[in-house]
file input35.cif (mmCIF, C-alpha atoms and all ligand atoms)
data_input
loop_
_atom_site.group_PDB
_atom_site.id
_atom_site.type_symbol
_atom_site.label_atom_id
_atom_site.label_comp_id
_atom_site.auth_asym_id
_atom_site.auth_seq_id
_atom_site.Cartn_x
_atom_site.Cartn_y
_atom_site.Cartn_z
ATOM 1 C CA MET A 1 -16.026 -9.412 -20.830
ATOM 2 C CA LEU A 2 -12.395 -8.744 -19.937
ATOM 3 C CA THR A 3 -11.744 -7.394 -23.438
ATOM 4 C CA ASP A 4 -14.698 -5.000 -23.084
ATOM 5 C CA GLN A 5 -13.352 -3.818 -19.731
ATOM 6 C CA ALA A 6 -9.904 -3.372 -21.217
ATOM 7 C CA GLU A 7 -11.285 -1.323 -24.100
ATOM 8 C CA GLY A 8 -13.356 0.861 -21.746
ATOM 9 C CA LEU A 9 -10.359 1.497 -19.517
ATOM 10 C CA ARG A 10 -8.152 2.206 -22.522
ATOM 11 C CA LYS A 11 -10.557 4.902 -23.713
ATOM 12 C CA LEU A 12 -10.561 6.523 -20.288
ATOM 13 C CA ALA A 13 -6.782 6.243 -20.112
ATOM 14 C CA ARG A 14 -6.425 8.367 -23.212
ATOM 15 C CA SER A 15 -8.297 11.199 -21.531
ATOM 16 C CA THR A 16 -6.214 11.125 -18.343
ATOM 17 C CA ARG A 17 -3.279 13.522 -18.180
ATOM 18 C CA ARG A 18 -1.661 14.132 -14.788
ATOM 19 C CA HIS A 19 -1.717 11.285 -12.387
ATOM 20 C CA ALA A 20 -0.621 10.552 -8.859
ATOM 21 C CA ARG A 21 2.051 8.035 -8.044
ATOM 22 C CA ILE A 22 0.304 4.957 -6.696
ATOM 23 C CA VAL A 23 2.114 2.699 -4.255
ATOM 24 C CA ALA A 24 0.574 -0.603 -3.141
ATOM 25 C CA ILE A 25 1.761 -1.884 0.223
ATOM 26 C CA ALA A 26 1.579 -5.653 0.591
ATOM 27 C CA SER A 27 3.070 -8.566 2.511
ATOM 28 C CA GLY A 28 2.898 -12.320 2.526
ATOM 29 C CA LYS A 29 2.593 -12.794 6.254
ATOM 30 C CA GLY A 30 0.049 -10.779 8.240
ATOM 31 C CA GLY A 31 0.916 -8.482 11.101
ATOM 32 C CA VAL A 32 4.283 -7.349 9.741
ATOM 33 C CA GLY A 33 3.383 -3.660 10.068
ATOM 34 C CA LYS A 34 1.876 -2.698 6.683
ATOM 35 C CA SER A 35 -0.875 -0.521 8.124
ATOM 36 C CA ASN A 36 1.424 1.262 10.556
ATOM 37 C CA VAL A 37 3.926 1.925 7.795
ATOM 38 C CA ALA A 38 1.151 3.112 5.444
ATOM 39 C CA VAL A 39 -0.462 5.459 7.971
ATOM 40 C CA ASN A 40 2.808 6.944 9.184
ATOM 41 C CA LEU A 41 4.226 7.415 5.693
ATOM 42 C CA ALA A 42 0.985 9.194 4.818
ATOM 43 C CA VAL A 43 1.377 11.441 7.865
ATOM 44 C CA ARG A 44 5.007 12.306 7.120
ATOM 45 C CA LEU A 45 4.551 12.891 3.417
ATOM 46 C CA SER A 46 1.558 15.143 3.955
ATOM 47 C CA MET A 47 3.500 17.105 6.558
ATOM 48 C CA MET A 48 6.111 17.580 3.827
ATOM 49 C CA GLY A 49 3.448 19.279 1.736
ATOM 50 C CA ARG A 50 2.376 16.397 -0.484
ATOM 51 C CA ARG A 51 -1.254 15.690 -1.200
ATOM 52 C CA VAL A 52 -1.613 12.143 0.048
ATOM 53 C CA ALA A 53 -4.536 9.728 0.035
ATOM 54 C CA LEU A 54 -4.418 6.403 1.831
ATOM 55 C CA LEU A 55 -6.824 3.766 0.613
ATOM 56 C CA ASP A 56 -7.315 1.035 3.172
ATOM 57 C CA ALA A 57 -7.969 -1.758 0.714
ATOM 58 C CA ASP A 58 -8.197 -4.451 3.330
ATOM 59 C CA LEU A 59 -11.588 -5.943 2.572
ATOM 60 C CA GLY A 60 -11.907 -8.102 5.658
ATOM 61 C CA THR A 61 -9.999 -6.751 8.627
ATOM 62 C CA ALA A 62 -9.411 -3.099 7.821
ATOM 63 C CA ASN A 63 -8.013 -0.993 10.638
ATOM 64 C CA ALA A 64 -6.315 2.174 9.351
ATOM 65 C CA ASP A 65 -9.329 4.096 10.753
ATOM 66 C CA VAL A 66 -8.646 2.594 14.177
ATOM 67 C CA LEU A 67 -4.971 3.573 14.001
ATOM 68 C CA CYS A 68 -6.060 7.141 13.183
ATOM 69 C CA ASN A 69 -8.978 7.275 15.612
ATOM 70 C CA VAL A 70 -11.454 8.386 12.983
ATOM 71 C CA THR A 71 -14.972 7.067 12.535
ATOM 72 C CA PRO A 72 -15.966 6.138 9.006
ATOM 73 C CA VAL A 73 -19.388 7.229 7.822
ATOM 74 C CA CYS A 74 -19.038 5.402 4.565
ATOM 75 C CA ASP A 75 -16.335 2.825 3.768
ATOM 76 C CA LEU A 76 -15.095 0.609 0.980
ATOM 77 C CA ALA A 77 -17.973 -1.825 1.555
ATOM 78 C CA HIS A 78 -20.450 0.966 0.712
ATOM 79 C CA VAL A 79 -18.410 1.968 -2.304
ATOM 80 C CA VAL A 80 -18.295 -1.581 -3.653
ATOM 81 C CA ALA A 81 -22.036 -1.955 -3.032
ATOM 82 C CA GLY A 82 -22.634 1.206 -5.084
ATOM 83 C CA LYS A 83 -23.952 3.092 -2.046
ATOM 84 C CA GLY A 84 -21.320 5.817 -2.212
ATOM 85 C CA THR A 85 -18.190 6.910 -4.010
ATOM 86 C CA LEU A 86 -14.585 6.866 -2.850
ATOM 87 C CA ALA A 87 -14.869 10.638 -2.522
ATOM 88 C CA ASP A 88 -17.868 10.196 -0.155
ATOM 89 C CA ALA A 89 -15.859 7.809 2.000
ATOM 90 C CA MET A 90 -12.801 10.051 2.285
ATOM 91 C CA LEU A 91 -12.005 11.439 5.742
ATOM 92 C CA ASP A 92 -9.509 13.977 7.065
ATOM 93 C CA ALA A 93 -6.899 12.026 8.979
ATOM 94 C CA PRO A 94 -4.310 13.182 11.539
ATOM 95 C CA GLY A 95 -1.309 14.859 9.973
ATOM 96 C CA GLY A 96 -3.345 16.149 7.035
ATOM 97 C CA PHE A 97 -3.759 13.195 4.686
ATOM 98 C CA ARG A 98 -7.068 11.831 3.401
ATOM 99 C CA LEU A 99 -8.136 8.350 4.428
ATOM 100 C CA ILE A 100 -10.519 6.060 2.616
ATOM 101 C CA PRO A 101 -11.505 3.474 5.241
ATOM 102 C CA GLY A 102 -11.584 -0.196 4.348
ATOM 103 C CA ALA A 103 -14.255 -2.731 5.183
ATOM 104 C CA SER A 104 -14.292 -4.723 8.381
ATOM 105 C CA GLY A 105 -16.094 -7.866 9.378
ATOM 106 C CA LEU A 106 -17.726 -8.457 6.017
ATOM 107 C CA ALA A 107 -16.906 -11.950 4.848
ATOM 108 C CA LYS A 108 -18.730 -11.418 1.570
ATOM 109 C CA MET A 109 -16.291 -8.667 0.692
ATOM 110 C CA ALA A 110 -13.572 -11.283 0.587
ATOM 111 C CA ALA A 111 -13.894 -11.800 -3.165
ATOM 112 C CA LEU A 112 -14.869 -8.997 -5.512
ATOM 113 C CA GLY A 113 -16.365 -9.824 -8.861
ATOM 114 C CA ASP A 114 -14.714 -8.596 -12.074
ATOM 115 C CA PHE A 115 -17.255 -5.804 -12.427
ATOM 116 C CA GLU A 116 -16.868 -4.548 -8.837
ATOM 117 C CA ARG A 117 -13.113 -4.635 -9.131
ATOM 118 C CA ALA A 118 -13.086 -2.732 -12.418
ATOM 119 C CA SER A 119 -15.442 -0.078 -11.060
ATOM 120 C CA LEU A 120 -13.295 0.363 -7.944
ATOM 121 C CA ILE A 121 -10.181 0.740 -10.084
ATOM 122 C CA GLN A 122 -11.953 3.336 -12.213
ATOM 123 C CA GLN A 123 -12.869 5.281 -9.100
ATOM 124 C CA ILE A 124 -9.273 5.188 -7.864
ATOM 125 C CA SER A 125 -8.181 6.542 -11.224
ATOM 126 C CA GLN A 126 -10.471 9.512 -10.711
ATOM 127 C CA LEU A 127 -8.447 10.383 -7.601
ATOM 128 C CA GLU A 128 -5.236 10.501 -9.628
ATOM 129 C CA GLN A 129 -5.840 14.108 -10.577
ATOM 130 C CA ASP A 130 -6.241 15.349 -7.012
ATOM 131 C CA PHE A 131 -3.265 13.763 -5.256
ATOM 132 C CA ASP A 132 0.508 13.525 -5.550
ATOM 133 C CA LEU A 133 0.580 10.121 -3.936
ATOM 134 C CA ILE A 134 -1.982 7.399 -3.359
ATOM 135 C CA LEU A 135 -0.957 4.697 -0.906
ATOM 136 C CA ILE A 136 -2.927 1.457 -0.969
ATOM 137 C CA ASP A 137 -2.737 -0.654 2.184
ATOM 138 C CA THR A 138 -3.710 -4.175 1.123
ATOM 139 C CA GLY A 139 -4.595 -7.174 3.247
ATOM 140 C CA ALA A 140 -1.944 -9.825 3.837
ATOM 141 C CA GLY A 141 -1.363 -12.454 1.167
ATOM 142 C CA VAL A 142 -2.170 -12.435 -2.526
ATOM 143 C CA SER A 143 -5.864 -12.920 -3.190
ATOM 144 C CA PRO A 144 -7.185 -11.815 -6.607
ATOM 145 C CA ASN A 145 -8.354 -8.587 -4.910
ATOM 146 C CA VAL A 146 -4.902 -7.814 -3.592
ATOM 147 C CA LEU A 147 -3.332 -8.621 -6.966
ATOM 148 C CA SER A 148 -5.585 -6.185 -8.775
ATOM 149 C CA PHE A 149 -4.635 -3.419 -6.333
ATOM 150 C CA ILE A 150 -0.968 -4.305 -6.831
ATOM 151 C CA PHE A 151 -1.300 -4.159 -10.607
ATOM 152 C CA SER A 152 -3.099 -0.834 -10.435
ATOM 153 C CA ALA A 153 -0.047 0.669 -8.710
ATOM 154 C CA ASP A 154 3.153 2.162 -10.128
ATOM 155 C CA GLN A 155 5.123 0.502 -7.420
ATOM 156 C CA LEU A 156 4.816 -2.416 -5.022
ATOM 157 C CA LEU A 157 6.195 -1.962 -1.538
ATOM 158 C CA VAL A 158 6.573 -5.379 0.077
ATOM 159 C CA VAL A 159 6.826 -5.253 3.845
ATOM 160 C CA THR A 160 8.578 -8.005 5.749
ATOM 161 C CA THR A 161 10.223 -8.497 9.122
ATOM 162 C CA PRO A 162 13.487 -10.397 9.762
ATOM 163 C CA GLU A 163 11.518 -13.528 10.746
ATOM 164 C CA PRO A 164 12.184 -16.403 8.335
ATOM 165 C CA THR A 165 8.438 -16.998 7.888
ATOM 166 C CA ALA A 166 7.846 -13.376 6.900
ATOM 167 C CA ILE A 167 10.816 -13.455 4.505
ATOM 168 C CA THR A 168 9.606 -16.646 2.808
ATOM 169 C CA ASP A 169 6.109 -15.220 2.445
ATOM 170 C CA ALA A 170 7.421 -11.910 1.079
ATOM 171 C CA TYR A 171 9.309 -13.858 -1.568
ATOM 172 C CA ALA A 172 6.137 -15.825 -2.377
ATOM 173 C CA VAL A 173 4.257 -12.565 -3.038
ATOM 174 C CA ILE A 174 7.010 -11.229 -5.282
ATOM 175 C CA LYS A 175 7.074 -14.512 -7.178
ATOM 176 C CA ILE A 176 3.338 -14.452 -7.899
ATOM 177 C CA VAL A 177 3.482 -10.808 -8.948
ATOM 178 C CA ALA A 178 6.599 -11.283 -11.117
ATOM 179 C CA ARG A 179 4.995 -14.216 -12.939
ATOM 180 C CA GLN A 180 2.039 -12.073 -13.927
ATOM 181 C CA ARG A 181 3.896 -8.846 -14.650
ATOM 182 C CA ALA A 182 7.617 -9.186 -15.108
ATOM 183 C CA ASN A 183 8.448 -5.486 -15.060
ATOM 184 C CA THR A 184 6.795 -4.641 -11.725
ATOM 185 C CA ASP A 185 8.724 -2.075 -9.699
ATOM 186 C CA VAL A 186 9.225 -4.000 -6.439
ATOM 187 C CA ARG A 187 10.706 -2.396 -3.333
ATOM 188 C CA VAL A 188 11.317 -4.171 -0.062
ATOM 189 C CA LEU A 189 10.827 -2.568 3.329
ATOM 190 C CA VAL A 190 12.115 -4.426 6.361
ATOM 191 C CA ASN A 191 10.186 -3.608 9.528
ATOM 192 C CA MET A 192 10.919 -4.415 13.165
ATOM 193 C CA VAL A 193 14.677 -4.669 12.717
ATOM 194 C CA ARG A 194 17.350 -4.302 15.384
ATOM 195 C CA ASP A 195 19.379 -1.904 13.273
ATOM 196 C CA ALA A 196 20.044 -0.742 9.709
ATOM 197 C CA GLU A 197 22.478 -3.592 9.090
ATOM 198 C CA GLU A 198 19.886 -6.247 9.855
ATOM 199 C CA GLY A 199 17.455 -4.558 7.447
ATOM 200 C CA ARG A 200 19.975 -4.537 4.621
ATOM 201 C CA GLY A 201 20.872 -8.179 5.312
ATOM 202 C CA VAL A 202 17.226 -9.260 5.002
ATOM 203 C CA PHE A 203 16.844 -7.269 1.792
ATOM 204 C CA LYS A 204 19.966 -8.870 0.286
ATOM 205 C CA ARG A 205 18.642 -12.358 0.991
ATOM 206 C CA ILE A 206 15.330 -11.607 -0.719
ATOM 207 C CA ASP A 207 16.909 -9.787 -3.638
ATOM 208 C CA THR A 208 19.440 -12.583 -4.250
ATOM 209 C CA VAL A 209 16.701 -15.222 -4.477
ATOM 210 C CA CYS A 210 14.581 -12.953 -6.709
ATOM 211 C CA ARG A 211 17.478 -12.399 -9.104
ATOM 212 C CA ARG A 212 18.406 -16.047 -9.208
ATOM 213 C CA PHE A 213 14.982 -17.646 -9.542
ATOM 214 C CA LEU A 214 12.735 -14.906 -10.929
ATOM 215 C CA ARG A 215 15.276 -12.885 -12.893
ATOM 216 C CA LEU A 216 13.878 -9.847 -11.140
ATOM 217 C CA SER A 217 15.909 -7.290 -9.263
ATOM 218 C CA THR A 218 14.179 -5.579 -6.382
ATOM 219 C CA GLN A 219 15.132 -2.327 -4.685
ATOM 220 C CA TYR A 220 15.703 -1.633 -1.045
ATOM 221 C CA ALA A 221 13.126 0.804 0.321
ATOM 222 C CA GLY A 222 14.708 0.901 3.774
ATOM 223 C CA HIS A 223 14.035 -0.259 7.307
ATOM 224 C CA VAL A 224 12.008 0.612 10.399
ATOM 225 C CA VAL A 225 13.409 -0.432 13.745
ATOM 226 C CA SER A 226 11.443 -2.368 16.293
ATOM 227 C CA ASP A 227 10.364 0.282 18.771
ATOM 228 C CA PRO A 228 8.080 -0.036 21.823
ATOM 229 C CA ARG A 229 6.692 3.426 20.986
ATOM 230 C CA VAL A 230 4.882 1.892 18.019
ATOM 231 C CA SER A 231 2.601 -0.366 20.023
ATOM 232 C CA LEU A 232 2.177 2.340 22.649
ATOM 233 C CA ALA A 233 0.885 4.696 19.940
ATOM 234 C CA VAL A 234 -1.361 1.958 18.510
ATOM 235 C CA ARG A 235 -2.960 1.589 21.942
ATOM 236 C CA ARG A 236 -3.470 5.346 22.055
ATOM 237 C CA ARG A 237 -4.916 5.261 18.547
ATOM 238 C CA ARG A 238 -2.449 7.837 17.293
ATOM 239 C CA PRO A 239 0.018 7.418 14.411
ATOM 240 C CA PHE A 240 3.415 6.958 16.115
ATOM 241 C CA THR A 241 5.002 9.716 14.027
ATOM 242 C CA LEU A 242 2.611 12.139 15.746
ATOM 243 C CA ASP A 243 2.516 10.453 19.141
ATOM 244 C CA SER A 244 6.326 10.128 19.440
ATOM 245 C CA PRO A 245 7.799 12.239 16.638
ATOM 246 C CA ASN A 246 11.318 11.828 17.983
ATOM 247 C CA CYS A 247 11.354 8.082 18.552
ATOM 248 C CA GLU A 248 13.606 5.811 16.490
ATOM 249 C CA ALA A 249 10.763 4.363 14.414
ATOM 250 C CA SER A 250 9.592 7.895 13.512
ATOM 251 C CA ALA A 251 13.125 8.764 12.367
ATOM 252 C CA CYS A 252 13.077 5.695 10.084
ATOM 253 C CA ILE A 253 9.708 6.713 8.611
ATOM 254 C CA GLY A 254 11.125 10.201 8.062
ATOM 255 C CA GLN A 255 13.969 8.725 6.005
ATOM 256 C CA LEU A 256 11.592 6.541 4.003
ATOM 257 C CA ALA A 257 9.320 9.513 3.342
ATOM 258 C CA HIS A 258 12.223 11.611 2.053
ATOM 259 C CA ARG A 259 13.336 8.808 -0.214
ATOM 260 C CA MET A 260 9.802 8.321 -1.552
ATOM 261 C CA ASP A 261 9.465 12.025 -2.090
ATOM 262 C CA ARG A 262 12.581 12.013 -4.230
ATOM 263 C CA HIS A 263 11.134 9.166 -6.289
ATOM 264 C CA ALA A 264 7.930 11.165 -6.650
ATOM 265 C CA ILE A 265 9.689 13.622 -8.921
ATOM 266 C CA GLU A 266 11.030 10.894 -11.196
ATOM 267 C CA PRO A 267 9.263 10.735 -14.558
ATOM 268 C CA ARG A 268 6.082 8.734 -14.190
ATOM 269 C CA GLY A 269 5.065 5.764 -16.236
ATOM 270 C CA ASP A 270 1.605 5.089 -17.557
ATOM 271 C CA GLY A 271 -1.476 6.177 -15.642
ATOM 272 C CA LEU A 272 -3.466 3.618 -13.708
ATOM 273 C CA LEU A 273 -6.052 3.025 -16.394
ATOM 274 C CA ARG A 274 -3.481 2.395 -19.069
ATOM 275 C CA ARG A 275 -1.695 -0.081 -16.777
ATOM 276 C CA MET A 276 -4.924 -1.881 -15.951
ATOM 277 C CA ALA A 277 -6.028 -1.922 -19.569
ATOM 278 C CA MET A 278 -2.755 -3.570 -20.551
ATOM 279 C CA TRP A 279 -3.030 -6.039 -17.701
ATOM 280 C CA LEU A 280 -6.638 -6.997 -18.458
ATOM 281 C CA ALA A 281 -5.834 -7.315 -22.140
ATOM 282 C CA GLY A 282 -3.067 -9.754 -21.120
HETATM 283 N N1 LIG B 301 8.370 -1.009 14.013
HETATM 284 C C1 LIG B 301 7.625 -1.634 14.933
HETATM 285 N N2 LIG B 301 8.076 -1.753 16.202
HETATM 286 C C2 LIG B 301 7.338 -2.381 17.148
HETATM 287 N N3 LIG B 301 6.122 -2.928 16.900
HETATM 288 C C3 LIG B 301 5.624 -2.830 15.671
HETATM 289 C C4 LIG B 301 6.329 -2.178 14.623
HETATM 290 N N4 LIG B 301 5.560 -2.233 13.502
HETATM 291 C C5 LIG B 301 4.437 -2.896 13.829
HETATM 292 N N5 LIG B 301 4.459 -3.255 15.126
HETATM 293 C C6 LIG B 301 3.440 -4.014 15.877
HETATM 294 O O1 LIG B 301 2.821 -4.927 15.008
HETATM 295 C C7 LIG B 301 1.418 -4.789 15.064
HETATM 296 C C8 LIG B 301 0.825 -5.080 13.721
HETATM 297 O O2 LIG B 301 1.074 -4.006 12.843
HETATM 298 P P1 LIG B 301 0.108 -3.661 11.630
HETATM 299 O O3 LIG B 301 -1.306 -3.728 12.039
HETATM 300 O O4 LIG B 301 0.610 -2.404 11.034
HETATM 301 O O5 LIG B 301 0.443 -4.902 10.674
HETATM 302 P P2 LIG B 301 -0.245 -5.302 9.299
HETATM 303 O O6 LIG B 301 0.830 -5.900 8.444
HETATM 304 O O7 LIG B 301 -1.007 -4.172 8.741
HETATM 305 O O8 LIG B 301 -1.254 -6.445 9.769
HETATM 306 P P3 LIG B 301 -2.418 -7.133 8.891
HETATM 307 O O9 LIG B 301 -1.716 -8.129 8.020
HETATM 308 O O10 LIG B 301 -3.278 -7.777 9.913
HETATM 309 O O11 LIG B 301 -3.082 -6.056 8.109
HETATM 310 C C9 LIG B 301 1.171 -3.361 15.566
HETATM 311 O O12 LIG B 301 -0.042 -3.282 16.271
HETATM 312 C C10 LIG B 301 2.365 -3.090 16.444
HETATM 313 O O13 LIG B 301 2.089 -3.490 17.764
HETATM 314 MG MG MG B 302 -3.046 -4.019 8.164
#
call {"tool": "encode", "arguments": {"input": "input35.cif", "output": "structure tokens"}}
result
Amino acid sequence: MLTDQAEGLRKLARSTRRHARIVAIASGKGGVGKSNVAVNLAVRLSMMGRRVALLDADLGTANADVLCNVTPVCDLAHVVAGKGTLADAMLDAPGGFRLIPGASGLAKMAALGDFERASLIQQISQLEQDFDLILIDTGAGVSPNVLSFIFSADQLLVVTTPEPTAITDAYAVIKIVARQRANTDVRVLVNMVRDAEEGRGVFKRIDTVCRRFLRLSTQYAGHVVSDPRVSLAVRRRRPFTLDSPNCEASACIGQLAHRMDRHAIEPRGDGLLRRMAMWLAG
């Protein structure tokens, strides 16, 4: 079954030429700010002229649509049930990016079968032609669903905060990912910091442990300061980069977006389907 899937994906991979950079955003601990980072990076990068899609891949407690104050007609639950395509679900979001809403309150979405997962991955690959960047906001932790989104991406952005529990859980995610795919491009983003120095300190702790125990070096994506404007914007259901474009957190997102944009012109690796085919083939 997996070999058949791998062969099918490999065939499709050969026909795919240009492809978007895909970045999966994950964390060990919940509530560390993944969705806010994802939405606001999408806003900033699209304001810089990039074609950005944000896939809310949270299959239980999705909320990127709430942060953007848009009402999904069709969401990931419909797509997985075969009642629509990712393109049908796509909405125009504030700032100019395209949002594919995730599924909320559906316990049965918690575990996708192999077939559903493969068909979702194939649909994401069809978006590769139309976008420069596809951000995937995953749910917290590392379920098989989350892992398959991570392995479909070019890059894994692990979000943590300076709290010891968040740091430990971020390391746990990296460890699971590194065991399954040693050459994963892992970047660490430290959210809710006091200042830049605290962010770099947290990154160094994680990177040191990764080098020592996993023989994996991670890269520092950057930091976002803890800023009361963030929760104010959440309550207003507006991305904070639009609600308070000059606040400190927005300045941090601006820096991250510029850095990501520079990476976007680096030579790209394999397309999604080729990566998935290699992963499925083991
Ligand atoms: N930089 C920040 N400064 C202040 N508060 C923040 C910041 N980032 C996030 N928050 C707060 O943390 C809350 C949770 O953020 P968010 O929903 O983005 O986390 P998450 O990691 O996506 O959560 P989940 O794991 O449930 O998906 C926000 O509603 C906001 O109040
Ligand atoms: Mg979230």
call {"tool": "closest_atom_pairs", "arguments": {"input": "input35.cif", "of": "region 16-93 of chain A", "to": "region 136-145 of chain A", "cutoff": "7 Å", "atoms": "all atoms listed in the file", "output": "CSV"}}
result
residue,atom,partner,partner_atom,distance
A:Val23,CA,A:Ile136,CA,6.1
A:Ala24,CA,A:Ile136,CA,4.6
A:Ile25,CA,A:Asp137,CA,5.1
A:Ala26,CA,A:Thr138,CA,5.5
A:Ser27,CA,A:Ala140,CA,5.3
A:Gly28,CA,A:Gly141,CA,4.5
A:Lys29,CA,A:Ala140,CA,5.9
A:Gly30,CA,A:Ala140,CA,4.9
A:Lys34,CA,A:Asp137,CA,6.8
A:Ser35,CA,A:Asp137,CA,6.2
A:Ala38,CA,A:Asp137,CA,6.3
A:Leu54,CA,A:Ile136,CA,5.9
A:Leu55,CA,A:Ile136,CA,4.8
A:Asp56,CA,A:Asp137,CA,5.0
A:Ala57,CA,A:Thr138,CA,4.9
A:Asp58,CA,A:Gly139,CA,4.5
call {"tool": "residues_around", "arguments": {"input": "input35.cif", "residues": "Pro101 (chain A)", "least_positions_apart": "3", "cutoff": "9 Å", "atoms": "only C-alpha atoms", "output": "list in words"}}
result
Leu54, Leu55, Asp56, Ala57, Asp58, Ala62, Asn63, Ala64, Asp65, Thr71, Pro72, Cys74, Asp75, Leu76, Ala89, Met90 and Leu91 of chain A
call {"tool": "residues_around", "arguments": {"input": "input35.cif", "residues": "region 175-182 of chain A", "least_positions_apart": "5", "cutoff": "12 Å", "atoms": "only C-alpha atoms", "output": "JSON, numbers by chain"}}
result
{"A": [26, 27, 28, 141, 142, 143, 144, 146, 147, 148, 149, 150, 151, 152, 153, 154, 155, 156, 157, 158, 168, 169, 170, 206, 207, 209, 210, 211, 212, 213, 214, 215, 216, 217, 218, 275, 276, 278, 279, 280, 282]}
call {"tool": "axis_aligned_box", "arguments": {"input": "input35.cif", "around": "region 133-137 of chain A", "padding_each_side": "8 Å", "output": "lines of an AutoDock Vina configuration file"}}
result
center_x = -1.2
center_y = 4.7
center_z = -0.9
size_x = 19.5
size_y = 26.8
size_z = 22.1
call {"tool": "atom_distance", "arguments": {"input": "input35.cif", "atom1": "CA of Arg44 (chain A)", "atom2": "CA of Gly199 (chain A)"}}
result
21.0 Å
call {"tool": "atom_distance", "arguments": {"input": "input35.cif", "atom1": "CA of Leu272 (chain A)", "atom2": "CA of Tyr171 (chain A)"}}
result
24.8 Å
call {"tool": "residues_near_point", "arguments": {"input": "input35.cif", "point": "(-6.5, 17.1, -6.1)", "cutoff": "12 Å", "atoms": "only C-alpha atoms", "output": "PyMOL selection string"}}
result
chain A and resi 18-20+50-53+87+97-98+125-134
call {"tool": "closest_atom_pairs", "arguments": {"input": "input35.cif", "of": "chain A", "to": "ligand LIG 301 (chain B)", "cutoff": "6 Å", "atoms": "only C-alpha atoms and all ligand atoms", "output": "JSON lines"}}
result
{"residue": "A:Gly30", "atom": "CA", "partner": "B:LIG301", "partner_atom": "O9", "distance": 3.2}
{"residue": "A:Gly31", "atom": "CA", "partner": "B:LIG301", "partner_atom": "O8", "distance": 3.3}
{"residue": "A:Val32", "atom": "CA", "partner": "B:LIG301", "partner_atom": "O6", "distance": 4.0}
{"residue": "A:Gly33", "atom": "CA", "partner": "B:LIG301", "partner_atom": "O4", "distance": 3.2}
{"residue": "A:Lys34", "atom": "CA", "partner": "B:LIG301", "partner_atom": "O6", "distance": 3.8}
{"residue": "A:Ser35", "atom": "CA", "partner": "B:LIG301", "partner_atom": "O7", "distance": 3.7}
{"residue": "A:Asn36", "atom": "CA", "partner": "B:LIG301", "partner_atom": "O4", "distance": 3.8}
{"residue": "A:Gly139", "atom": "CA", "partner": "B:LIG301", "partner_atom": "O11", "distance": 5.2}
{"residue": "A:Ala140", "atom": "CA", "partner": "B:LIG301", "partner_atom": "O9", "distance": 4.5}
{"residue": "A:Asn191", "atom": "CA", "partner": "B:LIG301", "partner_atom": "N1", "distance": 5.5}
{"residue": "A:Met192", "atom": "CA", "partner": "B:LIG301", "partner_atom": "N1", "distance": 4.3}
{"residue": "A:Val224", "atom": "CA", "partner": "B:LIG301", "partner_atom": "N1", "distance": 5.4}
{"residue": "A:Val225", "atom": "CA", "partner": "B:LIG301", "partner_atom": "N1", "distance": 5.1}
{"residue": "A:Ser226", "atom": "CA", "partner": "B:LIG301", "partner_atom": "N2", "distance": 3.4}
{"residue": "A:Asp227", "atom": "CA", "partner": "B:LIG301", "partner_atom": "N2", "distance": 4.0}
{"residue": "A:Pro228", "atom": "CA", "partner": "B:LIG301", "partner_atom": "C2", "distance": 5.3}
{"residue": "A:Val230", "atom": "CA", "partner": "B:LIG301", "partner_atom": "C2", "distance": 5.0}
{"residue": "A:Ser231", "atom": "CA", "partner": "B:LIG301", "partner_atom": "O13", "distance": 3.9}
{"residue": "A:Val234", "atom": "CA", "partner": "B:LIG301", "partner_atom": "O12", "distance": 5.8}
{"residue": "A:Ala249", "atom": "CA", "partner": "B:LIG301", "partner_atom": "N1", "distance": 5.9}
call {"tool": "write_last_selection", "arguments": {"input": "input35.cif", "atoms": "C-alpha atoms", "output": "mmCIF file, in the coordinates of the input"}}
result
data_model
loop_
_atom_site.group_PDB
_atom_site.id
_atom_site.type_symbol
_atom_site.label_atom_id
_atom_site.label_comp_id
_atom_site.auth_asym_id
_atom_site.auth_seq_id
_atom_site.Cartn_x
_atom_site.Cartn_y
_atom_site.Cartn_z
ATOM 1 C CA GLY A 30 0.049 -10.779 8.240
ATOM 2 C CA GLY A 31 0.916 -8.482 11.101
ATOM 3 C CA VAL A 32 4.283 -7.349 9.741
ATOM 4 C CA GLY A 33 3.383 -3.660 10.068
ATOM 5 C CA LYS A 34 1.876 -2.698 6.683
ATOM 6 C CA SER A 35 -0.875 -0.521 8.124
ATOM 7 C CA ASN A 36 1.424 1.262 10.556
ATOM 8 C CA GLY A 139 -4.595 -7.174 3.247
ATOM 9 C CA ALA A 140 -1.944 -9.825 3.837
ATOM 10 C CA ASN A 191 10.186 -3.608 9.528
ATOM 11 C CA MET A 192 10.919 -4.415 13.165
ATOM 12 C CA VAL A 224 12.008 0.612 10.399
ATOM 13 C CA VAL A 225 13.409 -0.432 13.745
ATOM 14 C CA SER A 226 11.443 -2.368 16.293
ATOM 15 C CA ASP A 227 10.364 0.282 18.771
ATOM 16 C CA PRO A 228 8.080 -0.036 21.823
ATOM 17 C CA VAL A 230 4.882 1.892 18.019
ATOM 18 C CA SER A 231 2.601 -0.366 20.023
ATOM 19 C CA VAL A 234 -1.361 1.958 18.510
ATOM 20 C CA ALA A 249 10.763 4.363 14.414
#
call {"tool": "closest_residue", "arguments": {"input": "input35.cif", "among": "A:Thr241, A:Leu189, A:Val73, A:Gly96", "to": "Met260 (chain A)", "atoms": "all atoms listed in the file"}}
result
A:Leu189
call {"tool": "atom_distance", "arguments": {"input": "input35.cif", "atom1": "CA of Lys204 (chain A)", "atom2": "CA of Asn40 (chain A)"}}
result
25.0 Å
call {"tool": "closest_residue", "arguments": {"input": "input35.cif", "among": "A:Val193, A:Val186, A:Leu135, A:Ala172", "to": "Leu45 (chain A)", "atoms": "all atoms listed in the file"}}
result
A:Leu135
